[in-house]
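Engineer: Have a look at this one.
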Amino acid sequence: MINIKINKKVKGNGGFLILPIFREEITKFPADYPEIVKAFFEKRVKSKDFVGKKGEIVETYLDDKNFPPRVALVGFGKKENFNSKIARRVAGNIGKYLKQNKVTEVSVYMPQIIAQYAEQFVEGIRMSQFGIDKYKTCGTKKCPVYELEKLEIILGKEPKDFEKDLKKGDLISDSVHFVRDLVNGPSNIVNTEYLATEARKIAKEQDYKIAVFGDKELMEMGWGGLLAVNAGSPKEAKCVVLEYDGAKDKKEKPVVLVGKGIMFDSGGYNIKPRNHIETMHQDMAGAAVVLGIFKLLKKFGIKRNVVGVIPIAENMINEKAYRPSDIITMYSGQTVEVTNTDAEGRMILADGVTYATELNPDCIITVATLTGAVKVALADRYAGVVGNDLKLRNELYVAGRQVDDLVWPLPMHRDFRKKLDSKIADMTNGDVGTASWAGSQKGAAFIERFVKKNKWCHLDIGGTAFCEDIPQEFETKGATASMLRLLVKFLENRK
């Protein structure tokens, strides 16, 4: 977390001063802003170097002991269009600008219109500064870290819950950074035991119940899907179960979150091509998101019972690895004909979902980098959502819109389900020949066969969990923590 202070007047300390400007204010400099900046503002406006558009930044230096030495005007667009999404995105621009300029302390004049989105502002400025260079050594010296340490808010009257909202934004950012570190981490470091250890730390810090099943327990219980996927790995398979009792009635049915934890995915004997395999350390993003949510549940006082189920494996290749044509008996007792060893995520999720059904859940939500097909369908700005309950699906959609962590519903035709029928087992783990057609829905259709009569939705983050193209304003390249903010908001909405 960073040091956040609220003051009524700016002080002449070191650092950097941010002055937000809306387009409506271009013709008249805001009366409560420092007069010493007025001439610079008017000159920039007259020359049209600054017009107040969203994310636009111009900077000047001040020689006045009453103010920080550096001041920047930041455009926030039109007031009539301003909302939480723009607050987060413009703050993201600010965060990246500060990091590029090696600024670690900043003061921000915050008009009431921005102050109402304090949580989103802090999220944007902090999430945009995440460093992906954790493993750089910089020779014999410690690499410098130019991330925000101190944030001073200059504000007259505080809106209701202002300090609470600032803290929420800070906590969410911390959790996002935690998830990004896990997902970016290479598999020789962030491995099966590492993830289980992080889960134990969270349980201890937050006083949650936790169970960690290893090979012995999983064999005794019959988790055939998880064990088959992990058969080629030298490390044990695991399943982590975290329990948070937030409801007044401890017997209230829990929301169960099941996160895919494939620590590295070679594809197995259906090995991945070169242009995909080098980022397959990120195939545990669903598991990381569930852990990130559990870092926040108690701190946010979520009034729901929540259980996290995290099956963990590596999909590797050796003489013990599972093969195309194998028949696997799942934890549910159903049999699966393996047609594609690279359709492994659904195998471990199916066992996780079967366990979730035994918890008498209110609903089950699976989150996973399940398919590449979802990226073909929705690119990298929308996660796919599929499920058997329209109300639940709509709740997830609305929560995503509220926090700009977007999902889009994908259609599930009955024939997609039929494609998984097998002649020699209860089902296949992927249809042969047309597997890439509606691939995300077919992966979800496999999981659906294990949910029984429970309400269920699946979030496919195969396109959104890892940024390899152009990051959004509040993102960096690499892991994004996609669906963390959505699921937190979803749980808050279900009070």
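Labeling convention for the structure tokens: chains A, B, ... as they appear, residues from 1 per chain, ligands from 1 in order of appearance.
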With a distance cut-off of 7 Å and only C-alpha atoms, select the neighbouring residues of Lys260 of chain A, excluding the residue or stretch itself and same-chain residues fewer than 3 positions from it, and output the selection as a list in words.
Structural biologist: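 Returned residues: Met284, Gly286, Ala287, Ile310, Pro311, Gly345, Leu349, Val367 and Ala368 of chain A.
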Engineer: Can you tell me which residues surround segment 209-213 of chain A at a distance of at most 6 Å, considering only C-alpha atoms, apart from same-chain residues fewer than 3 positions away, and format the answer as a ChimeraX atom specification?
Structural biologist: /A:217,238-243
Engineer: Can those selected residues be exported to a file as a PDB file, in the first residue's frame so that it contains N, CA and C atoms?
Structural biologist:
ATOM      1  N   GLU A 217      -4.028 -37.755  -1.115  1.00  0.00           N
ATOM      2  CA  GLU A 217      -5.448 -37.469  -0.858  1.00  0.00           C
ATOM      3  C   GLU A 217      -6.257 -37.493  -2.151  1.00  0.00           C
ATOM      4  N   LYS A 238      -2.042 -30.751  -6.784  1.00  0.00           N
ATOM      5  CA  LYS A 238      -2.622 -30.256  -5.538  1.00  0.00           C
ATOM      6  C   LYS A 238      -4.009 -29.674  -5.826  1.00  0.00           C
ATOM      7  N   CYS A 239      -4.800 -29.628  -4.774  1.00  0.00           N
ATOM      8  CA  CYS A 239      -6.013 -28.816  -4.832  1.00  0.00           C
ATOM      9  C   CYS A 239      -6.117 -28.045  -3.529  1.00  0.00           C
ATOM     10  N   VAL A 240      -6.203 -26.735  -3.642  1.00  0.00           N
ATOM     11  CA  VAL A 240      -6.343 -25.842  -2.488  1.00  0.00           C
ATOM     12  C   VAL A 240      -7.817 -25.489  -2.322  1.00  0.00           C
ATOM     13  N   VAL A 241      -8.307 -25.571  -1.094  1.00  0.00           N
ATOM     14  CA  VAL A 241      -9.677 -25.164  -0.794  1.00  0.00           C
ATOM     15  C   VAL A 241      -9.630 -24.121   0.319  1.00  0.00           C
ATOM     16  N   LEU A 242     -10.070 -22.918   0.025  1.00  0.00           N
ATOM     17  CA  LEU A 242     -10.130 -21.812   0.983  1.00  0.00           C
ATOM     18  C   LEU A 242     -11.583 -21.507   1.318  1.00  0.00           C
ATOM     19  N   GLU A 243     -11.866 -21.241   2.604  1.00  0.00           N
ATOM     20  CA  GLU A 243     -13.238 -20.945   3.022  1.00  0.00           C
ATOM     21  C   GLU A 243     -13.289 -19.623   3.782  1.00  0.00           C
TER      22      GLU A 243
END
Engineer: Which residues are close to Ala465 of chain A, i.e. within 9 Å by only C-alpha atoms, leaving aside same-chain residues fewer than 4 positions away? Reply as a VMD selection string.
Structural biologist: chain A and resid 183 282 to 283 285 to 286 368 to 369 380 383 461 478 to 483
Engineer: Just want the 9 Å neighbourhood of Tyr397 of chain A, counted on only C-alpha atoms, with same-chain residues fewer than 5 positions away dropped. Output as a list in words.
Structural biologist: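 After dropping sequence-adjacent residues, the list is Val385, Leu392, Gln402, Leu406, Val407, Trp408, Pro409 and Leu486 of chain A.
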Engineer: Write out as a ChimeraX atom specification which residues come within 8 Å of segment 134-146 of chain A when counting only C-alpha atoms, dropping same-chain ones fewer than 5 positions away.
Structural biologist: /A:99,102-104
Engineer: Write out, as a PDB file, in the first residue's frame, the residues just selected, with C-alpha atoms.
Structural biologist:
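Done, and the output landed in again27.pdb:
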ATOM      1  CA  LYS A  99       6.752   6.492 -13.641  1.00  0.00           C
ATOM      2  CA  LYS A 102      10.737   8.908 -12.095  1.00  0.00           C
ATOM      3  CA  VAL A 103       8.260  10.644  -9.781  1.00  0.00           C
ATOM      4  CA  THR A 104       7.450   8.832  -6.516  1.00  0.00           C
TER       5      THR A 104
END
Engineer: From the options A:Met412, A:Ala356, A:Ile302, A:Leu17, which residue's atoms come nearest to Gly439 of chain A, counting only C-alpha atoms?
Structural biologist: A:Met412
Engineer: Ranking A:Pro234, A:Gly52, A:Gly131, A:Gly372 by minimum distance to Phe178 of chain A and counting only C-alpha atoms, which one comes first?
Structural biologist: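 For Phe178 of chain A, the nearest of the given residues is A:Gly131.
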